[in-house]
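What follows is a set of notes on a single structure, which appears directly below.
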Amino acid sequence: MKTFWLHVKTCLKKYVCFGGNATRSEFWNWALFVAVGSGVLFGARGCAGPDTASNPLNWLSSIIFPILVLLGLFLLFCLLPTLAVTVRRLRDAGYRPWIVVFPLLLLTGSFHPALVVALSGMGNTPPEIPLPYCYAYLALVTAVCLLYAALLTKATKKTRK
């Protein structure tokens, strides 16, 4: 647990430091920190449920918007350290750091198809993009991100023979 917080503090200290290297444990501990932090905030939003008298957590529905704002600020705060540690990790694994652009472009481009899928059941307005294309694009983005994660688990240059 001590090394977990040490790696998180290292990523925060190197907030926009794209030079140097990052170990596997540093990268994955930072990824775990971001995932747990956003999961807790997103989970707090999901606990609220409907605002009815029979719901014991109905008081939470009044703070959903501030929780979502806090989640957005947390993810925005974590964006640059995540990019920096990813670039450092790619360099440490022996890859060129500019390949971080591919998943970023795919994830940025997946916003609209994900929105179409999320809003497909609401109202009677047909989606601008056919749903099968949205599902195919989101599957492609998932596959590329998983492949990218596999690249980041490669051993460091120093320990390879």
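Following the order of the structure tokens, chains are lettered A, B, ..., residues in each are numbered from 1, and ligands are numbered from 1.
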May I have all residues of chain A that DSSP, computed from the backbone, assigns to alpha helix (DSSP H), given as a VMD selection string? chain A and resid 2 to 13 24 to 46 64 to 93 101 to 109 111 to 119 131 to 152
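Here CA of Glu26 in chain A stands at a distance of 8.7 Å from CA of Thr3 in chain A.
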Write out as a list in words the residues lying within 12 Å of Val8 in chain A, counting only C-alpha atoms and excluding same-chain residues fewer than 4 positions away. Met1, Lys2, Thr3, Phe4, Leu12, Lys13, Lys14, Tyr15, Ala22, Ser25, Glu26, Phe27, Trp28, Asn29, Trp30, Ala31, Leu32, Phe33, Val34, Cys78, Pro81, Thr82 and Val85 of chain A
Store the residues of this selection in a file with C-alpha atoms, as a CSV table (one decimal), in the first residue's frame.
chain,number,residue,atom,x,y,z
A,1,MET,CA,0.0,0.0,0.0
A,2,LYS,CA,2.9,2.3,0.7
A,3,THR,CA,4.2,1.9,-2.8
A,4,PHE,CA,0.8,2.6,-4.3
A,12,LEU,CA,1.3,14.0,-9.3
A,13,LYS,CA,4.7,15.5,-8.8
A,14,LYS,CA,5.5,14.8,-12.5
A,15,TYR,CA,2.1,16.4,-13.5
A,22,ALA,CA,7.8,5.2,-15.8
A,25,SER,CA,3.9,-0.5,-11.3
A,26,GLU,CA,3.9,3.3,-11.4
A,27,PHE,CA,1.7,3.3,-14.5
A,28,TRP,CA,-0.8,0.7,-13.3
A,29,ASN,CA,-1.0,2.1,-9.7
A,30,TRP,CA,-1.9,5.5,-11.3
A,31,ALA,CA,-4.5,3.8,-13.5
A,32,LEU,CA,-5.9,2.1,-10.5
A,33,PHE,CA,-6.1,5.4,-8.6
A,34,VAL,CA,-8.0,7.1,-11.5
A,78,CYS,CA,-6.2,13.4,-14.0
A,81,PRO,CA,-0.8,13.2,-15.4
A,82,THR,CA,-2.3,10.2,-17.2
A,85,VAL,CA,2.8,8.7,-17.2
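Comparing A:Val40, A:Ala118, A:Leu131, A:Leu107 by their smallest distance to Phe74 in chain A, the closest is A:Val40 (using only C-alpha atoms).
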Which neighbours of range 145-149 of chain A fall inside 8 Å, counting only C-alpha atoms, when residues of the same chain fewer than 4 positions from it are skipped, and could you give them as a VMD selection string? chain A and resid 103 141 153
Would you kindly return, as a count of residues only, each protein, DNA or RNA residue with an atom no farther than 12 Å from any atom of Pro130 in chain A, considering only C-alpha atoms and excluding same-chain residues fewer than 2 positions away? 15
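The protein and nucleic acid residues lying at most 10 Å from Leu90 in chain A are A:Asn21, A:Ala22, A:Thr23, A:Arg24, A:Phe27, A:Ala84, A:Val85, A:Tyr95, A:Arg96, A:Pro97, A:Trp98, A:Ile99, A:Val100, A:Tyr148, A:Leu151, A:Leu152, A:Thr153, A:Lys154, A:Thr156, with only C-alpha atoms considered and sequence neighbours fewer than 5 positions away removed.
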Output for the residues just chosen: C-alpha atoms as a short mmCIF file (atom, residue, chain, number, x, y, z; two decimals), in the first residue's frame:
data_model
loop_
_atom_site.label_atom_id
_atom_site.label_comp_id
_atom_site.auth_asym_id
_atom_site.auth_seq_id
_atom_site.Cartn_x
_atom_site.Cartn_y
_atom_site.Cartn_z
CA ASN A 21 10.58 6.73 -17.84
CA ALA A 22 7.83 5.15 -15.77
CA THR A 23 7.78 1.62 -14.44
CA ARG A 24 4.91 -0.78 -14.96
CA PHE A 27 1.67 3.29 -14.50
CA ALA A 84 2.43 12.05 -18.98
CA VAL A 85 2.75 8.69 -17.22
CA TYR A 95 8.05 2.26 -27.96
CA ARG A 96 7.88 5.70 -29.50
CA PRO A 97 5.81 7.94 -27.23
CA TRP A 98 3.81 9.51 -30.06
CA ILE A 99 1.73 6.34 -30.46
CA VAL A 100 -0.32 7.64 -27.52
CA TYR A 148 -2.69 -0.67 -26.17
CA LEU A 151 1.69 -2.86 -25.06
CA LEU A 152 2.03 -1.02 -21.77
CA THR A 153 2.56 -4.25 -19.83
CA LYS A 154 5.70 -5.06 -21.82
CA THR A 156 11.15 -2.40 -19.48
#
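The coordinates place CA of Ala150 in chain A at 20.7 Å from CA of Gly20 in chain A.
The coordinates place CA of Leu138 in chain A at 27.6 Å from CA of Arg91 in chain A.
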Do a neighbour search on Leu41 in chain A at 12 Å with only C-alpha atoms, toss out local chain neighbours closer than 4 positions, and write the hits as a PDB file with all heavy atoms, in the first residue's frame.
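And here's around_5.pdb as it stands now:
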ATOM      1  N   VAL A  34      -6.983   6.350 -10.643  1.00  0.00           N
ATOM      2  CA  VAL A  34      -7.972   7.071 -11.451  1.00  0.00           C
ATOM      3  C   VAL A  34      -9.261   6.254 -11.560  1.00  0.00           C
ATOM      4  O   VAL A  34     -10.362   6.782 -11.431  1.00  0.00           O
ATOM      5  CB  VAL A  34      -7.402   7.400 -12.845  1.00  0.00           C
ATOM      6  CG1 VAL A  34      -8.469   7.974 -13.761  1.00  0.00           C
ATOM      7  CG2 VAL A  34      -6.246   8.377 -12.717  1.00  0.00           C
ATOM      8  N   ALA A  35      -9.126   4.937 -11.772  1.00  0.00           N
ATOM      9  CA  ALA A  35     -10.315   4.086 -11.913  1.00  0.00           C
ATOM     10  C   ALA A  35     -11.118   4.031 -10.618  1.00  0.00           C
ATOM     11  O   ALA A  35     -12.353   4.143 -10.641  1.00  0.00           O
ATOM     12  CB  ALA A  35      -9.898   2.681 -12.335  1.00  0.00           C
ATOM     13  N   VAL A  36     -10.455   3.875  -9.495  1.00  0.00           N
ATOM     14  CA  VAL A  36     -11.170   3.799  -8.214  1.00  0.00           C
ATOM     15  C   VAL A  36     -11.784   5.155  -7.865  1.00  0.00           C
ATOM     16  O   VAL A  36     -12.938   5.227  -7.431  1.00  0.00           O
ATOM     17  CB  VAL A  36     -10.235   3.297  -7.090  1.00  0.00           C
ATOM     18  CG1 VAL A  36     -10.851   3.482  -5.723  1.00  0.00           C
ATOM     19  CG2 VAL A  36      -9.886   1.835  -7.317  1.00  0.00           C
ATOM     20  N   GLY A  37     -11.032   6.235  -8.081  1.00  0.00           N
ATOM     21  CA  GLY A  37     -11.567   7.569  -7.787  1.00  0.00           C
ATOM     22  C   GLY A  37     -12.798   7.889  -8.616  1.00  0.00           C
ATOM     23  O   GLY A  37     -13.815   8.348  -8.096  1.00  0.00           O
ATOM     24  N   ARG A  45     -23.143   8.623  -7.567  1.00  0.00           N
ATOM     25  CA  ARG A  45     -24.226   9.148  -8.385  1.00  0.00           C
ATOM     26  C   ARG A  45     -25.275   8.070  -8.629  1.00  0.00           C
ATOM     27  O   ARG A  45     -26.466   8.325  -8.603  1.00  0.00           O
ATOM     28  CB  ARG A  45     -23.683   9.644  -9.729  1.00  0.00           C
ATOM     29  CG  ARG A  45     -24.749  10.274 -10.583  1.00  0.00           C
ATOM     30  CD  ARG A  45     -24.738   9.868 -12.030  1.00  0.00           C
ATOM     31  NE  ARG A  45     -24.309   8.578 -12.393  1.00  0.00           N
ATOM     32  CZ  ARG A  45     -25.130   7.578 -12.733  1.00  0.00           C
ATOM     33  NH1 ARG A  45     -26.421   7.720 -12.688  1.00  0.00           N
ATOM     34  NH2 ARG A  45     -24.652   6.418 -13.101  1.00  0.00           N
ATOM     35  N   GLY A  46     -24.854   6.842  -8.811  1.00  0.00           N
ATOM     36  CA  GLY A  46     -25.783   5.758  -9.104  1.00  0.00           C
ATOM     37  C   GLY A  46     -26.570   5.278  -7.903  1.00  0.00           C
ATOM     38  O   GLY A  46     -27.596   4.617  -8.060  1.00  0.00           O
ATOM     39  N   CYS A  47     -26.108   5.589  -6.700  1.00  0.00           N
ATOM     40  CA  CYS A  47     -26.813   5.146  -5.485  1.00  0.00           C
ATOM     41  C   CYS A  47     -28.102   5.909  -5.245  1.00  0.00           C
ATOM     42  O   CYS A  47     -28.948   5.464  -4.482  1.00  0.00           O
ATOM     43  CB  CYS A  47     -25.918   5.334  -4.261  1.00  0.00           C
ATOM     44  SG  CYS A  47     -24.575   4.182  -4.154  1.00  0.00           S
ATOM     45  N   ALA A  48     -28.233   7.050  -5.865  1.00  0.00           N
ATOM     46  CA  ALA A  48     -29.356   7.922  -5.519  1.00  0.00           C
ATOM     47  C   ALA A  48     -30.701   7.293  -5.836  1.00  0.00           C
ATOM     48  O   ALA A  48     -31.596   7.288  -5.007  1.00  0.00           O
ATOM     49  CB  ALA A  48     -29.216   9.252  -6.245  1.00  0.00           C
ATOM     50  N   ILE A  63     -27.992  15.822  -4.692  1.00  0.00           N
ATOM     51  CA  ILE A  63     -26.572  16.143  -4.890  1.00  0.00           C
ATOM     52  C   ILE A  63     -25.980  15.431  -6.105  1.00  0.00           C
ATOM     53  O   ILE A  63     -24.765  15.373  -6.242  1.00  0.00           O
ATOM     54  CB  ILE A  63     -25.760  15.824  -3.624  1.00  0.00           C
ATOM     55  CG1 ILE A  63     -25.836  14.343  -3.270  1.00  0.00           C
ATOM     56  CG2 ILE A  63     -26.160  16.691  -2.465  1.00  0.00           C
ATOM     57  CD1 ILE A  63     -24.845  13.927  -2.211  1.00  0.00           C
ATOM     58  N   ILE A  64     -26.823  14.905  -6.993  1.00  0.00           N
ATOM     59  CA  ILE A  64     -26.302  14.214  -8.176  1.00  0.00           C
ATOM     60  C   ILE A  64     -25.505  15.171  -9.048  1.00  0.00           C
ATOM     61  O   ILE A  64     -24.407  14.846  -9.493  1.00  0.00           O
ATOM     62  CB  ILE A  64     -27.435  13.550  -8.976  1.00  0.00           C
ATOM     63  CG1 ILE A  64     -27.937  12.331  -8.220  1.00  0.00           C
ATOM     64  CG2 ILE A  64     -26.972  13.138 -10.358  1.00  0.00           C
ATOM     65  CD1 ILE A  64     -29.091  11.638  -8.884  1.00  0.00           C
ATOM     66  N   PHE A  65     -26.035  16.347  -9.320  1.00  0.00           N
ATOM     67  CA  PHE A  65     -25.326  17.285 -10.186  1.00  0.00           C
ATOM     68  C   PHE A  65     -23.969  17.684  -9.617  1.00  0.00           C
ATOM     69  O   PHE A  65     -22.971  17.656 -10.338  1.00  0.00           O
ATOM     70  CB  PHE A  65     -26.192  18.512 -10.474  1.00  0.00           C
ATOM     71  CG  PHE A  65     -25.528  19.487 -11.402  1.00  0.00           C
ATOM     72  CD1 PHE A  65     -25.411  19.191 -12.751  1.00  0.00           C
ATOM     73  CD2 PHE A  65     -25.008  20.673 -10.919  1.00  0.00           C
ATOM     74  CE1 PHE A  65     -24.786  20.075 -13.608  1.00  0.00           C
ATOM     75  CE2 PHE A  65     -24.384  21.557 -11.769  1.00  0.00           C
ATOM     76  CZ  PHE A  65     -24.273  21.259 -13.119  1.00  0.00           C
ATOM     77  N   PRO A  66     -23.868  18.048  -8.325  1.00  0.00           N
ATOM     78  CA  PRO A  66     -22.528  18.356  -7.797  1.00  0.00           C
ATOM     79  C   PRO A  66     -21.569  17.162  -7.860  1.00  0.00           C
ATOM     80  O   PRO A  66     -20.377  17.352  -8.087  1.00  0.00           O
ATOM     81  CB  PRO A  66     -22.791  18.775  -6.345  1.00  0.00           C
ATOM     82  CG  PRO A  66     -24.201  19.224  -6.320  1.00  0.00           C
ATOM     83  CD  PRO A  66     -24.908  18.391  -7.347  1.00  0.00           C
ATOM     84  N   ILE A  67     -22.098  15.955  -7.686  1.00  0.00           N
ATOM     85  CA  ILE A  67     -21.224  14.781  -7.783  1.00  0.00           C
ATOM     86  C   ILE A  67     -20.715  14.618  -9.206  1.00  0.00           C
ATOM     87  O   ILE A  67     -19.539  14.325  -9.432  1.00  0.00           O
ATOM     88  CB  ILE A  67     -21.956  13.509  -7.298  1.00  0.00           C
ATOM     89  CG1 ILE A  67     -22.131  13.561  -5.784  1.00  0.00           C
ATOM     90  CG2 ILE A  67     -21.185  12.258  -7.689  1.00  0.00           C
ATOM     91  CD1 ILE A  67     -22.939  12.421  -5.214  1.00  0.00           C
ATOM     92  N   LEU A  68     -21.583  14.831 -10.197  1.00  0.00           N
ATOM     93  CA  LEU A  68     -21.145  14.739 -11.586  1.00  0.00           C
ATOM     94  C   LEU A  68     -20.148  15.835 -11.935  1.00  0.00           C
ATOM     95  O   LEU A  68     -19.197  15.604 -12.691  1.00  0.00           O
ATOM     96  CB  LEU A  68     -22.352  14.787 -12.527  1.00  0.00           C
ATOM     97  CG  LEU A  68     -23.212  13.526 -12.548  1.00  0.00           C
ATOM     98  CD1 LEU A  68     -24.402  13.712 -13.465  1.00  0.00           C
ATOM     99  CD2 LEU A  68     -22.397  12.318 -12.976  1.00  0.00           C
ATOM    100  N   VAL A  69     -20.333  17.020 -11.381  1.00  0.00           N
ATOM    101  CA  VAL A  69     -19.365  18.095 -11.595  1.00  0.00           C
ATOM    102  C   VAL A  69     -18.029  17.716 -10.960  1.00  0.00           C
ATOM    103  O   VAL A  69     -16.965  17.894 -11.566  1.00  0.00           O
ATOM    104  CB  VAL A  69     -19.887  19.432 -11.023  1.00  0.00           C
ATOM    105  CG1 VAL A  69     -18.802  20.486 -10.968  1.00  0.00           C
ATOM    106  CG2 VAL A  69     -21.065  19.916 -11.843  1.00  0.00           C
ATOM    107  N   LEU A  70     -18.068  17.166  -9.766  1.00  0.00           N
ATOM    108  CA  LEU A  70     -16.846  16.725  -9.092  1.00  0.00           C
ATOM    109  C   LEU A  70     -16.152  15.617  -9.889  1.00  0.00           C
ATOM    110  O   LEU A  70     -14.928  15.608 -10.020  1.00  0.00           O
ATOM    111  CB  LEU A  70     -17.186  16.254  -7.675  1.00  0.00           C
ATOM    112  CG  LEU A  70     -16.022  15.992  -6.737  1.00  0.00           C
ATOM    113  CD1 LEU A  70     -15.208  17.257  -6.532  1.00  0.00           C
ATOM    114  CD2 LEU A  70     -16.543  15.487  -5.406  1.00  0.00           C
ATOM    115  N   LEU A  71     -16.934  14.683 -10.444  1.00  0.00           N
ATOM    116  CA  LEU A  71     -16.374  13.616 -11.274  1.00  0.00           C
ATOM    117  C   LEU A  71     -15.693  14.207 -12.506  1.00  0.00           C
ATOM    118  O   LEU A  71     -14.578  13.809 -12.858  1.00  0.00           O
ATOM    119  CB  LEU A  71     -17.472  12.635 -11.692  1.00  0.00           C
ATOM    120  CG  LEU A  71     -17.076  11.541 -12.689  1.00  0.00           C
ATOM    121  CD1 LEU A  71     -16.055  10.615 -12.083  1.00  0.00           C
ATOM    122  CD2 LEU A  71     -18.299  10.772 -13.145  1.00  0.00           C
ATOM    123  N   GLY A  72     -16.345  15.147 -13.155  1.00  0.00           N
ATOM    124  CA  GLY A  72     -15.749  15.791 -14.322  1.00  0.00           C
ATOM    125  C   GLY A  72     -14.465  16.521 -13.986  1.00  0.00           C
ATOM    126  O   GLY A  72     -13.475  16.442 -14.723  1.00  0.00           O
ATOM    127  N   LEU A  73     -14.454  17.231 -12.865  1.00  0.00           N
ATOM    128  CA  LEU A  73     -13.244  17.934 -12.444  1.00  0.00           C
ATOM    129  C   LEU A  73     -12.126  16.960 -12.092  1.00  0.00           C
ATOM    130  O   LEU A  73     -10.954  17.201 -12.411  1.00  0.00           O
ATOM    131  CB  LEU A  73     -13.556  18.846 -11.256  1.00  0.00           C
ATOM    132  CG  LEU A  73     -14.414  20.062 -11.567  1.00  0.00           C
ATOM    133  CD1 LEU A  73     -14.766  20.810 -10.282  1.00  0.00           C
ATOM    134  CD2 LEU A  73     -13.709  20.979 -12.551  1.00  0.00           C
ATOM    135  N   PHE A  74     -12.475  15.851 -11.446  1.00  0.00           N
ATOM    136  CA  PHE A  74     -11.473  14.837 -11.105  1.00  0.00           C
ATOM    137  C   PHE A  74     -10.847  14.256 -12.369  1.00  0.00           C
ATOM    138  O   PHE A  74      -9.626  14.129 -12.468  1.00  0.00           O
ATOM    139  CB  PHE A  74     -12.108  13.730 -10.254  1.00  0.00           C
ATOM    140  CG  PHE A  74     -11.183  12.581  -9.959  1.00  0.00           C
ATOM    141  CD1 PHE A  74     -10.172  12.720  -9.024  1.00  0.00           C
ATOM    142  CD2 PHE A  74     -11.310  11.375 -10.623  1.00  0.00           C
ATOM    143  CE1 PHE A  74      -9.311  11.673  -8.749  1.00  0.00           C
ATOM    144  CE2 PHE A  74     -10.455  10.325 -10.363  1.00  0.00           C
ATOM    145  CZ  PHE A  74      -9.449  10.471  -9.422  1.00  0.00           C
ATOM    146  N   LEU A  75     -11.687  13.908 -13.350  1.00  0.00           N
ATOM    147  CA  LEU A  75     -11.165  13.340 -14.589  1.00  0.00           C
ATOM    148  C   LEU A  75     -10.361  14.367 -15.381  1.00  0.00           C
ATOM    149  O   LEU A  75      -9.348  14.023 -15.987  1.00  0.00           O
ATOM    150  CB  LEU A  75     -12.305  12.776 -15.429  1.00  0.00           C
ATOM    151  CG  LEU A  75     -12.973  11.535 -14.839  1.00  0.00           C
ATOM    152  CD1 LEU A  75     -14.172  11.122 -15.679  1.00  0.00           C
ATOM    153  CD2 LEU A  75     -11.983  10.385 -14.715  1.00  0.00           C
TER     154      LEU A  75
END
